[in-house]
$ cat structure-v9.cif   # mmCIF, N, CA and C atoms
data_run
loop_
_atom_site.group_PDB
_atom_site.id
_atom_site.type_symbol
_atom_site.label_atom_id
_atom_site.label_comp_id
_atom_site.auth_asym_id
_atom_site.auth_seq_id
_atom_site.Cartn_x
_atom_site.Cartn_y
_atom_site.Cartn_z
ATOM 1 N N MET L 1 -155.526 39.677 53.807
ATOM 2 C CA MET L 1 -154.816 40.912 54.007
ATOM 3 C C MET L 1 -155.835 42.054 53.962
ATOM 4 N N PRO L 2 -156.095 42.683 55.067
ATOM 5 C CA PRO L 2 -157.043 43.793 55.103
ATOM 6 C C PRO L 2 -156.515 44.986 54.311
ATOM 7 N N THR L 3 -157.403 45.578 53.544
ATOM 8 C CA THR L 3 -157.034 46.730 52.730
ATOM 9 C C THR L 3 -158.146 47.765 52.814
ATOM 10 N N ASN L 4 -157.775 48.991 53.015
ATOM 11 C CA ASN L 4 -158.750 50.078 53.010
ATOM 12 C C ASN L 4 -158.677 50.795 51.674
ATOM 13 N N LEU L 5 -159.826 50.911 51.017
ATOM 14 C CA LEU L 5 -159.890 51.583 49.734
ATOM 15 C C LEU L 5 -161.000 52.612 49.749
ATOM 16 N N ALA L 6 -160.769 53.708 49.084
ATOM 17 C CA ALA L 6 -161.814 54.722 48.926
ATOM 18 C C ALA L 6 -162.459 54.484 47.562
ATOM 19 N N ILE L 7 -163.605 53.797 47.571
ATOM 20 C CA ILE L 7 -164.307 53.477 46.329
ATOM 21 C C ILE L 7 -165.578 54.294 46.282
ATOM 22 N N ASP L 8 -165.870 54.840 45.112
ATOM 23 C CA ASP L 8 -167.093 55.616 44.911
ATOM 24 C C ASP L 8 -168.286 54.786 45.384
ATOM 25 N N ASP L 9 -168.988 55.289 46.399
ATOM 26 C CA ASP L 9 -170.070 54.526 47.011
ATOM 27 C C ASP L 9 -171.193 54.216 46.026
ATOM 28 N N ARG L 10 -171.494 55.154 45.126
ATOM 29 C CA ARG L 10 -172.542 54.897 44.129
ATOM 30 C C ARG L 10 -172.124 53.765 43.193
ATOM 31 N N LEU L 11 -170.853 53.732 42.845
ATOM 32 C CA LEU L 11 -170.335 52.703 41.955
ATOM 33 C C LEU L 11 -170.392 51.328 42.617
ATOM 34 N N ILE L 12 -169.977 51.259 43.850
ATOM 35 C CA ILE L 12 -169.982 49.967 44.534
ATOM 36 C C ILE L 12 -171.413 49.494 44.774
ATOM 37 N N GLN L 13 -172.315 50.402 45.104
ATOM 38 C CA GLN L 13 -173.712 50.016 45.302
ATOM 39 C C GLN L 13 -174.328 49.519 43.987
ATOM 40 N N ALA L 14 -173.980 50.148 42.885
ATOM 41 C CA ALA L 14 -174.465 49.698 41.574
ATOM 42 C C ALA L 14 -173.937 48.304 41.260
ATOM 43 N N ALA L 15 -172.668 48.057 41.576
ATOM 44 C CA ALA L 15 -172.074 46.742 41.330
ATOM 45 C C ALA L 15 -172.748 45.672 42.191
ATOM 46 N N VAL L 16 -173.022 45.997 43.450
ATOM 47 C CA VAL L 16 -173.691 45.054 44.349
ATOM 48 C C VAL L 16 -175.077 44.724 43.807
ATOM 49 N N LYS L 17 -175.785 45.760 43.363
ATOM 50 C CA LYS L 17 -177.151 45.563 42.870
ATOM 51 C C LYS L 17 -177.177 44.781 41.558
ATOM 52 N N ILE L 18 -176.370 45.204 40.601
ATOM 53 C CA ILE L 18 -176.356 44.559 39.281
ATOM 54 C C ILE L 18 -175.887 43.109 39.379
ATOM 55 N N GLY L 19 -174.876 42.868 40.199
ATOM 56 C CA GLY L 19 -174.336 41.522 40.344
ATOM 57 C C GLY L 19 -175.102 40.674 41.344
ATOM 58 N N ARG L 20 -176.063 41.296 42.000
ATOM 59 C CA ARG L 20 -176.842 40.609 43.043
ATOM 60 C C ARG L 20 -175.937 39.985 44.103
ATOM 61 N N HIS L 21 -174.923 40.761 44.482
ATOM 62 C CA HIS L 21 -173.989 40.311 45.512
ATOM 63 C C HIS L 21 -174.559 40.624 46.886
ATOM 64 N N LYS L 22 -174.148 39.840 47.859
ATOM 65 C CA LYS L 22 -174.642 40.034 49.218
ATOM 66 C C LYS L 22 -173.842 41.079 49.976
ATOM 67 N N THR L 23 -172.555 41.244 49.573
ATOM 68 C CA THR L 23 -171.694 42.194 50.278
ATOM 69 C C THR L 23 -170.874 43.013 49.281
ATOM 70 N N LYS L 24 -170.358 44.107 49.787
ATOM 71 C CA LYS L 24 -169.467 44.928 48.969
ATOM 72 C C LYS L 24 -168.195 44.146 48.638
ATOM 73 N N LYS L 25 -167.703 43.393 49.628
ATOM 74 C CA LYS L 25 -166.488 42.604 49.424
ATOM 75 C C LYS L 25 -166.680 41.616 48.281
ATOM 76 N N GLU L 26 -167.832 40.960 48.254
ATOM 77 C CA GLU L 26 -168.105 40.001 47.180
ATOM 78 C C GLU L 26 -168.124 40.705 45.826
ATOM 79 N N ALA L 27 -168.748 41.863 45.770
ATOM 80 C CA ALA L 27 -168.807 42.616 44.511
ATOM 81 C C ALA L 27 -167.412 43.005 44.033
ATOM 82 N N VAL L 28 -166.577 43.466 44.942
ATOM 83 C CA VAL L 28 -165.210 43.871 44.586
ATOM 84 C C VAL L 28 -164.392 42.661 44.158
ATOM 85 N N THR L 29 -164.536 41.549 44.853
ATOM 86 C CA THR L 29 -163.792 40.334 44.506
ATOM 87 C C THR L 29 -164.161 39.856 43.106
ATOM 88 N N VAL L 30 -165.446 39.799 42.815
ATOM 89 C CA VAL L 30 -165.893 39.359 41.486
ATOM 90 C C VAL L 30 -165.409 40.330 40.416
ATOM 91 N N ALA L 31 -165.482 41.620 40.705
ATOM 92 C CA ALA L 31 -165.029 42.627 39.737
ATOM 93 C C ALA L 31 -163.537 42.461 39.445
ATOM 94 N N LEU L 32 -162.749 42.212 40.462
ATOM 95 C CA LEU L 32 -161.311 42.019 40.255
ATOM 96 C C LEU L 32 -161.023 40.735 39.488
ATOM 97 N N GLN L 33 -161.778 39.684 39.766
ATOM 98 C CA GLN L 33 -161.599 38.431 39.022
ATOM 99 C C GLN L 33 -161.910 38.639 37.544
ATOM 100 N N GLU L 34 -162.996 39.351 37.267
ATOM 101 C CA GLU L 34 -163.353 39.633 35.879
ATOM 102 C C GLU L 34 -162.302 40.503 35.207
ATOM 103 N N TYR L 35 -161.767 41.475 35.928
ATOM 104 C CA TYR L 35 -160.732 42.357 35.397
ATOM 105 C C TYR L 35 -159.484 41.568 35.011
ATOM 106 N N VAL L 36 -159.037 40.704 35.917
ATOM 107 C CA VAL L 36 -157.838 39.894 35.655
ATOM 108 C C VAL L 36 -158.069 38.971 34.470
ATOM 109 N N ARG L 37 -159.237 38.315 34.439
ATOM 110 C CA ARG L 37 -159.562 37.399 33.333
ATOM 111 C C ARG L 37 -159.555 38.157 32.004
ATOM 112 N N ARG L 38 -160.135 39.330 31.978
ATOM 113 C CA ARG L 38 -160.201 40.133 30.750
ATOM 114 C C ARG L 38 -158.807 40.563 30.296
ATOM 115 N N ARG L 39 -157.977 40.977 31.236
ATOM 116 C CA ARG L 39 -156.615 41.404 30.878
ATOM 117 C C ARG L 39 -155.808 40.242 30.311
ATOM 118 N N LYS L 40 -156.016 39.039 30.857
ATOM 119 C CA LYS L 40 -155.328 37.863 30.314
ATOM 120 C C LYS L 40 -155.806 37.575 28.898
ATOM 121 N N GLN L 41 -157.092 37.749 28.656
ATOM 122 C CA GLN L 41 -157.633 37.537 27.315
ATOM 123 C C GLN L 41 -157.029 38.540 26.332
ATOM 124 N N LEU L 42 -156.870 39.771 26.762
ATOM 125 C CA LEU L 42 -156.313 40.790 25.878
ATOM 126 C C LEU L 42 -154.865 40.494 25.499
ATOM 127 N N ARG L 43 -154.127 39.822 26.387
ATOM 128 C CA ARG L 43 -152.734 39.478 26.069
ATOM 129 C C ARG L 43 -152.664 38.497 24.902
ATOM 130 N N ILE L 44 -153.700 37.694 24.745
ATOM 131 C CA ILE L 44 -153.728 36.748 23.631
ATOM 132 C C ILE L 44 -153.728 37.500 22.308
ATOM 133 N N LEU L 45 -154.383 38.650 22.279
ATOM 134 C CA LEU L 45 -154.427 39.434 21.044
ATOM 135 C C LEU L 45 -153.042 39.894 20.607
ATOM 136 N N ASP L 46 -152.132 40.037 21.555
ATOM 137 C CA ASP L 46 -150.756 40.426 21.215
ATOM 138 C C ASP L 46 -150.060 39.369 20.365
ATOM 139 N N LEU L 47 -150.560 38.140 20.401
ATOM 140 C CA LEU L 47 -149.951 37.052 19.640
ATOM 141 C C LEU L 47 -150.418 37.019 18.182
ATOM 142 N N MET L 48 -151.437 37.823 17.862
ATOM 143 C CA MET L 48 -151.952 37.836 16.484
ATOM 144 C C MET L 48 -150.821 38.121 15.505
ATOM 145 N N GLY L 49 -150.690 37.251 14.525
ATOM 146 C CA GLY L 49 -149.673 37.426 13.500
ATOM 147 C C GLY L 49 -148.294 36.924 13.899
ATOM 148 N N LYS L 50 -148.145 36.445 15.113
ATOM 149 C CA LYS L 50 -146.841 35.983 15.582
ATOM 150 C C LYS L 50 -146.740 34.467 15.621
ATOM 151 N N ILE L 51 -147.871 33.790 15.503
ATOM 152 C CA ILE L 51 -147.877 32.336 15.528
ATOM 153 C C ILE L 51 -148.275 31.840 14.149
ATOM 154 N N GLU L 52 -147.468 30.960 13.606
ATOM 155 C CA GLU L 52 -147.759 30.432 12.278
ATOM 156 C C GLU L 52 -148.837 29.363 12.361
ATOM 157 N N PHE L 53 -149.754 29.400 11.434
ATOM 158 C CA PHE L 53 -150.847 28.447 11.356
ATOM 159 C C PHE L 53 -150.468 27.349 10.381
ATOM 160 N N ASP L 54 -150.623 26.108 10.810
ATOM 161 C CA ASP L 54 -150.333 24.958 9.956
ATOM 162 C C ASP L 54 -151.655 24.395 9.451
ATOM 163 N N PRO L 55 -151.997 24.629 8.195
ATOM 164 C CA PRO L 55 -153.284 24.157 7.682
ATOM 165 C C PRO L 55 -153.391 22.631 7.675
ATOM 166 N N ALA L 56 -152.287 21.916 7.766
ATOM 167 C CA ALA L 56 -152.318 20.453 7.759
ATOM 168 C C ALA L 56 -152.515 19.880 9.161
ATOM 169 N N TYR L 57 -152.494 20.714 10.179
ATOM 170 C CA TYR L 57 -152.647 20.245 11.559
ATOM 171 C C TYR L 57 -154.049 19.681 11.756
ATOM 172 N N ASP L 58 -154.120 18.484 12.295
ATOM 173 C CA ASP L 58 -155.403 17.814 12.504
ATOM 174 C C ASP L 58 -155.549 17.506 13.996
ATOM 175 N N TYR L 59 -156.204 18.408 14.721
ATOM 176 C CA TYR L 59 -156.334 18.236 16.159
ATOM 177 C C TYR L 59 -157.198 17.025 16.511
ATOM 178 N N LYS L 60 -158.126 16.661 15.648
ATOM 179 C CA LYS L 60 -158.968 15.493 15.920
ATOM 180 C C LYS L 60 -158.146 14.203 15.876
ATOM 181 N N ALA L 61 -157.227 14.115 14.929
ATOM 182 C CA ALA L 61 -156.358 12.936 14.844
ATOM 183 C C ALA L 61 -155.477 12.853 16.094
ATOM 184 N N LEU L 62 -155.010 13.985 16.573
ATOM 185 C CA LEU L 62 -154.187 14.011 17.780
ATOM 186 C C LEU L 62 -154.988 13.530 18.985
ATOM 187 N N ARG L 63 -156.239 13.945 19.093
ATOM 188 C CA ARG L 63 -157.096 13.487 20.187
ATOM 189 C C ARG L 63 -157.316 11.981 20.124
ATOM 190 N N ARG L 64 -157.567 11.471 18.922
ATOM 191 C CA ARG L 64 -157.786 10.023 18.773
ATOM 192 C C ARG L 64 -156.549 9.254 19.198
ATOM 193 N N ARG L 65 -155.388 9.756 18.807
ATOM 194 C CA ARG L 65 -154.124 9.105 19.135
ATOM 195 C C ARG L 65 -153.876 9.112 20.646
ATOM 196 N N ASN L 66 -154.239 10.180 21.321
ATOM 197 C CA ASN L 66 -154.000 10.306 22.773
ATOM 198 C C ASN L 66 -154.967 9.453 23.592
ATOM 199 N N ARG L 67 -156.098 9.085 23.054
ATOM 200 C CA ARG L 67 -157.070 8.267 23.783
ATOM 201 C C ARG L 67 -156.653 6.807 23.860
ATOM 202 N N HIS L 68 -155.816 6.374 22.957
ATOM 203 C CA HIS L 68 -155.460 4.946 22.894
ATOM 204 C C HIS L 68 -154.210 4.648 23.660
#

$ encode --input "structure-v9.cif" --output "structure tokens"
Amino acid sequence: MPTNLAIDDRLIQAAVKIGRHKTKKEAVTVALQEYVRRRKQLRILDLMGKIEFDPAYDYKALRRRNRH
């Protein structure tokens, strides 16, 4: 889907240079991927204090059980 955006040329050139991207499109695509990934990570912080921790939970035992 073609999209026209007015992006600060100095900013996009800096992103191309720092990221060693070959094109502006590549720089923008990588920047958007990083943005989305970061926003998803931040949503995890919203769960702080909302999930109960079970100190008896043994994830290693669960892995051993699933392998057999």

$ select_by_dssp --input "structure-v9.cif" --residues "chain L" --states "alpha helix (DSSP H)" --output "mmCIF file with N, CA and C atoms, keeping the file's coordinate frame"
data_model
loop_
_atom_site.group_PDB
_atom_site.id
_atom_site.type_symbol
_atom_site.label_atom_id
_atom_site.label_comp_id
_atom_site.auth_asym_id
_atom_site.auth_seq_id
_atom_site.Cartn_x
_atom_site.Cartn_y
_atom_site.Cartn_z
ATOM 1 N N ASP L 9 -168.988 55.289 46.399
ATOM 2 C CA ASP L 9 -170.070 54.526 47.011
ATOM 3 C C ASP L 9 -171.193 54.216 46.026
ATOM 4 N N ARG L 10 -171.494 55.154 45.126
ATOM 5 C CA ARG L 10 -172.542 54.897 44.129
ATOM 6 C C ARG L 10 -172.124 53.765 43.193
ATOM 7 N N LEU L 11 -170.853 53.732 42.845
ATOM 8 C CA LEU L 11 -170.335 52.703 41.955
ATOM 9 C C LEU L 11 -170.392 51.328 42.617
ATOM 10 N N ILE L 12 -169.977 51.259 43.850
ATOM 11 C CA ILE L 12 -169.982 49.967 44.534
ATOM 12 C C ILE L 12 -171.413 49.494 44.774
ATOM 13 N N GLN L 13 -172.315 50.402 45.104
ATOM 14 C CA GLN L 13 -173.712 50.016 45.302
ATOM 15 C C GLN L 13 -174.328 49.519 43.987
ATOM 16 N N ALA L 14 -173.980 50.148 42.885
ATOM 17 C CA ALA L 14 -174.465 49.698 41.574
ATOM 18 C C ALA L 14 -173.937 48.304 41.260
ATOM 19 N N ALA L 15 -172.668 48.057 41.576
ATOM 20 C CA ALA L 15 -172.074 46.742 41.330
ATOM 21 C C ALA L 15 -172.748 45.672 42.191
ATOM 22 N N VAL L 16 -173.022 45.997 43.450
ATOM 23 C CA VAL L 16 -173.691 45.054 44.349
ATOM 24 C C VAL L 16 -175.077 44.724 43.807
ATOM 25 N N LYS L 17 -175.785 45.760 43.363
ATOM 26 C CA LYS L 17 -177.151 45.563 42.870
ATOM 27 C C LYS L 17 -177.177 44.781 41.558
ATOM 28 N N ILE L 18 -176.370 45.204 40.601
ATOM 29 C CA ILE L 18 -176.356 44.559 39.281
ATOM 30 C C ILE L 18 -175.887 43.109 39.379
ATOM 31 N N GLY L 19 -174.876 42.868 40.199
ATOM 32 C CA GLY L 19 -174.336 41.522 40.344
ATOM 33 C C GLY L 19 -175.102 40.674 41.344
ATOM 34 N N LYS L 24 -170.358 44.107 49.787
ATOM 35 C CA LYS L 24 -169.467 44.928 48.969
ATOM 36 C C LYS L 24 -168.195 44.146 48.638
ATOM 37 N N LYS L 25 -167.703 43.393 49.628
ATOM 38 C CA LYS L 25 -166.488 42.604 49.424
ATOM 39 C C LYS L 25 -166.680 41.616 48.281
ATOM 40 N N GLU L 26 -167.832 40.960 48.254
ATOM 41 C CA GLU L 26 -168.105 40.001 47.180
ATOM 42 C C GLU L 26 -168.124 40.705 45.826
ATOM 43 N N ALA L 27 -168.748 41.863 45.770
ATOM 44 C CA ALA L 27 -168.807 42.616 44.511
ATOM 45 C C ALA L 27 -167.412 43.005 44.033
ATOM 46 N N VAL L 28 -166.577 43.466 44.942
ATOM 47 C CA VAL L 28 -165.210 43.871 44.586
ATOM 48 C C VAL L 28 -164.392 42.661 44.158
ATOM 49 N N THR L 29 -164.536 41.549 44.853
ATOM 50 C CA THR L 29 -163.792 40.334 44.506
ATOM 51 C C THR L 29 -164.161 39.856 43.106
ATOM 52 N N VAL L 30 -165.446 39.799 42.815
ATOM 53 C CA VAL L 30 -165.893 39.359 41.486
ATOM 54 C C VAL L 30 -165.409 40.330 40.416
ATOM 55 N N ALA L 31 -165.482 41.620 40.705
ATOM 56 C CA ALA L 31 -165.029 42.627 39.737
ATOM 57 C C ALA L 31 -163.537 42.461 39.445
ATOM 58 N N LEU L 32 -162.749 42.212 40.462
ATOM 59 C CA LEU L 32 -161.311 42.019 40.255
ATOM 60 C C LEU L 32 -161.023 40.735 39.488
ATOM 61 N N GLN L 33 -161.778 39.684 39.766
ATOM 62 C CA GLN L 33 -161.599 38.431 39.022
ATOM 63 C C GLN L 33 -161.910 38.639 37.544
ATOM 64 N N GLU L 34 -162.996 39.351 37.267
ATOM 65 C CA GLU L 34 -163.353 39.633 35.879
ATOM 66 C C GLU L 34 -162.302 40.503 35.207
ATOM 67 N N TYR L 35 -161.767 41.475 35.928
ATOM 68 C CA TYR L 35 -160.732 42.357 35.397
ATOM 69 C C TYR L 35 -159.484 41.568 35.011
ATOM 70 N N VAL L 36 -159.037 40.704 35.917
ATOM 71 C CA VAL L 36 -157.838 39.894 35.655
ATOM 72 C C VAL L 36 -158.069 38.971 34.470
ATOM 73 N N ARG L 37 -159.237 38.315 34.439
ATOM 74 C CA ARG L 37 -159.562 37.399 33.333
ATOM 75 C C ARG L 37 -159.555 38.157 32.004
ATOM 76 N N ARG L 38 -160.135 39.330 31.978
ATOM 77 C CA ARG L 38 -160.201 40.133 30.750
ATOM 78 C C ARG L 38 -158.807 40.563 30.296
ATOM 79 N N ARG L 39 -157.977 40.977 31.236
ATOM 80 C CA ARG L 39 -156.615 41.404 30.878
ATOM 81 C C ARG L 39 -155.808 40.242 30.311
ATOM 82 N N LYS L 40 -156.016 39.039 30.857
ATOM 83 C CA LYS L 40 -155.328 37.863 30.314
ATOM 84 C C LYS L 40 -155.806 37.575 28.898
ATOM 85 N N GLN L 41 -157.092 37.749 28.656
ATOM 86 C CA GLN L 41 -157.633 37.537 27.315
ATOM 87 C C GLN L 41 -157.029 38.540 26.332
ATOM 88 N N LEU L 42 -156.870 39.771 26.762
ATOM 89 C CA LEU L 42 -156.313 40.790 25.878
ATOM 90 C C LEU L 42 -154.865 40.494 25.499
ATOM 91 N N ARG L 43 -154.127 39.822 26.387
ATOM 92 C CA ARG L 43 -152.734 39.478 26.069
ATOM 93 C C ARG L 43 -152.664 38.497 24.902
ATOM 94 N N ILE L 44 -153.700 37.694 24.745
ATOM 95 C CA ILE L 44 -153.728 36.748 23.631
ATOM 96 C C ILE L 44 -153.728 37.500 22.308
ATOM 97 N N LEU L 45 -154.383 38.650 22.279
ATOM 98 C CA LEU L 45 -154.427 39.434 21.044
ATOM 99 C C LEU L 45 -153.042 39.894 20.607
ATOM 100 N N TYR L 59 -156.204 18.408 14.721
ATOM 101 C CA TYR L 59 -156.334 18.236 16.159
ATOM 102 C C TYR L 59 -157.198 17.025 16.511
ATOM 103 N N LYS L 60 -158.126 16.661 15.648
ATOM 104 C CA LYS L 60 -158.968 15.493 15.920
ATOM 105 C C LYS L 60 -158.146 14.203 15.876
ATOM 106 N N ALA L 61 -157.227 14.115 14.929
ATOM 107 C CA ALA L 61 -156.358 12.936 14.844
ATOM 108 C C ALA L 61 -155.477 12.853 16.094
ATOM 109 N N LEU L 62 -155.010 13.985 16.573
ATOM 110 C CA LEU L 62 -154.187 14.011 17.780
ATOM 111 C C LEU L 62 -154.988 13.530 18.985
ATOM 112 N N ARG L 63 -156.239 13.945 19.093
ATOM 113 C CA ARG L 63 -157.096 13.487 20.187
ATOM 114 C C ARG L 63 -157.316 11.981 20.124
ATOM 115 N N ARG L 64 -157.567 11.471 18.922
ATOM 116 C CA ARG L 64 -157.786 10.023 18.773
ATOM 117 C C ARG L 64 -156.549 9.254 19.198
ATOM 118 N N ARG L 65 -155.388 9.756 18.807
ATOM 119 C CA ARG L 65 -154.124 9.105 19.135
ATOM 120 C C ARG L 65 -153.876 9.112 20.646
ATOM 121 N N ASN L 66 -154.239 10.180 21.321
ATOM 122 C CA ASN L 66 -154.000 10.306 22.773
ATOM 123 C C ASN L 66 -154.967 9.453 23.592
ATOM 124 N N ARG L 67 -156.098 9.085 23.054
ATOM 125 C CA ARG L 67 -157.070 8.267 23.783
ATOM 126 C C ARG L 67 -156.653 6.807 23.860
#

$ atom_distance --input "structure-v9.cif" --atom1 "CA of Ile7 (chain L)" --atom2 "CA of Lys24 (chain L)"
10.3 Å

$ atom_distance --input "structure-v9.cif" --atom1 "atom C of Leu47 (chain L)" --atom2 "atom N of Glu34 (chain L)"
23.0 Å

$ residues_around --input "structure-v9.cif" --residues "region 8-14 of chain L" --least-positions-apart "2" --cutoff "8 Å" --atoms "only N, CA and C atoms" --output "PyMOL selection string"
chain L and resi 5-6+16-20+23-24+27-28

$ atom_distance --input "structure-v9.cif" --atom1 "atom N of Tyr35 (chain L)" --atom2 "atom C of His21 (chain L)"
16.9 Å

$ decode --input "structure-v9.cif" --residues "region 9-21 of chain L" --atoms "N, CA and C atoms" --output "tab-separated table (two decimals), in the first residue's frame"
chain	number	residue	atom	x	y	z
L	9	ASP	N	13.68	15.25	6.76
L	9	ASP	CA	14.73	14.65	5.95
L	9	ASP	C	16.00	14.40	6.75
L	10	ARG	N	16.34	15.30	7.67
L	10	ARG	CA	17.54	15.09	8.49
L	10	ARG	C	17.37	13.86	9.38
L	11	LEU	N	16.17	13.67	9.89
L	11	LEU	CA	15.89	12.53	10.76
L	11	LEU	C	15.98	11.22	9.98
L	12	ILE	N	15.40	11.19	8.82
L	12	ILE	CA	15.43	9.95	8.03
L	12	ILE	C	16.85	9.65	7.56
L	13	GLN	N	17.61	10.67	7.19
L	13	GLN	CA	18.99	10.45	6.77
L	13	GLN	C	19.83	9.93	7.95
L	14	ALA	N	19.59	10.44	9.13
L	14	ALA	CA	20.30	9.96	10.33
L	14	ALA	C	19.96	8.50	10.59
L	15	ALA	N	18.68	8.14	10.43
L	15	ALA	CA	18.26	6.76	10.65
L	15	ALA	C	18.90	5.83	9.62
L	16	VAL	N	18.96	6.26	8.37
L	16	VAL	CA	19.58	5.46	7.31
L	16	VAL	C	21.06	5.24	7.63
L	17	LYS	N	21.72	6.32	8.06
L	17	LYS	CA	23.15	6.23	8.34
L	17	LYS	C	23.44	5.37	9.57
L	18	ILE	N	22.74	5.64	10.66
L	18	ILE	CA	22.98	4.91	11.91
L	18	ILE	C	22.64	3.43	11.76
L	19	GLY	N	21.55	3.14	11.07
L	19	GLY	CA	21.13	1.75	10.89
L	19	GLY	C	21.82	1.06	9.73
L	20	ARG	N	22.61	1.82	9.00
L	20	ARG	CA	23.30	1.30	7.81
L	20	ARG	C	22.31	0.65	6.83
L	21	HIS	N	21.19	1.34	6.66
L	21	HIS	CA	20.16	0.86	5.73
L	21	HIS	C	20.50	1.33	4.33
